[in-house]
Amino acid sequence: MYNPGDRVELVVTTDPHTALTPGDQGAVRALHPADRLGGRRLDVNWDSGSRLTLLIDEGDQVRPA
């Protein structure tokens, strides 16, 4: 799906507390598979300085940038 260093663009996030908006871009740090703690998680170093981890199975979406 995504590898470290891949560039992504935010489509939507379900986090009501983030300042990120659709169209923001960043580089993937890691993709964590689903485990006993929850669904897949995508760690991103956002160009804005945010390090918000996206919860892919909870509705957060990105696309290749």
# chains A, B, ... in the order shown; residues from 1 in each chain; ligands from 1
call {"tool": "residues_around", "arguments": {"residues": "Thr14 of chain A", "least_positions_apart": "2", "cutoff": "7 Å", "atoms": "only C-alpha atoms", "output": "PyMOL selection string"}}
result
chain A and resi 12+16+59-60
call {"tool": "closest_residue", "arguments": {"among": "A:Ala65, A:Leu55, A:Val44, A:Leu31", "to": "Met1 of chain A", "atoms": "only C-alpha atoms"}}
result
A:Leu31
call {"tool": "closest_residue", "arguments": {"among": "A:Arg63, A:Asp57, A:His32, A:Asp43", "to": "Glu9 of chain A", "atoms": "only C-alpha atoms"}}
result
A:Arg63
call {"tool": "residues_around", "arguments": {"residues": "Asp24 of chain A", "least_positions_apart": "2", "cutoff": "6 Å", "atoms": "only C-alpha atoms", "output": "ChimeraX atom specification"}}
result
/A:9-10,21-22
call {"tool": "write_last_selection", "arguments": {"atoms": "N, CA and C atoms", "output": "mmCIF file, in the first residue's frame"}}
result
data_model
loop_
_atom_site.group_PDB
_atom_site.id
_atom_site.type_symbol
_atom_site.label_atom_id
_atom_site.label_comp_id
_atom_site.auth_asym_id
_atom_site.auth_seq_id
_atom_site.Cartn_x
_atom_site.Cartn_y
_atom_site.Cartn_z
ATOM 1 N N GLU A 9 -1.215 12.738 0.033
ATOM 2 C CA GLU A 9 -2.040 13.928 0.181
ATOM 3 C C GLU A 9 -3.274 13.537 0.986
ATOM 4 N N LEU A 10 -3.617 14.335 1.969
ATOM 5 C CA LEU A 10 -4.784 14.052 2.792
ATOM 6 C C LEU A 10 -6.067 14.267 2.007
ATOM 7 N N THR A 21 -5.868 19.862 6.782
ATOM 8 C CA THR A 21 -7.036 20.000 5.921
ATOM 9 C C THR A 21 -6.816 19.199 4.645
ATOM 10 N N PRO A 22 -7.905 18.825 3.962
ATOM 11 C CA PRO A 22 -7.737 18.107 2.699
ATOM 12 C C PRO A 22 -6.789 18.849 1.773
#
call {"tool": "atom_distance", "arguments": {"atom1": "atom CA of Asp35 of chain A", "atom2": "atom CA of Ala19 of chain A"}}
result
27.7 Å
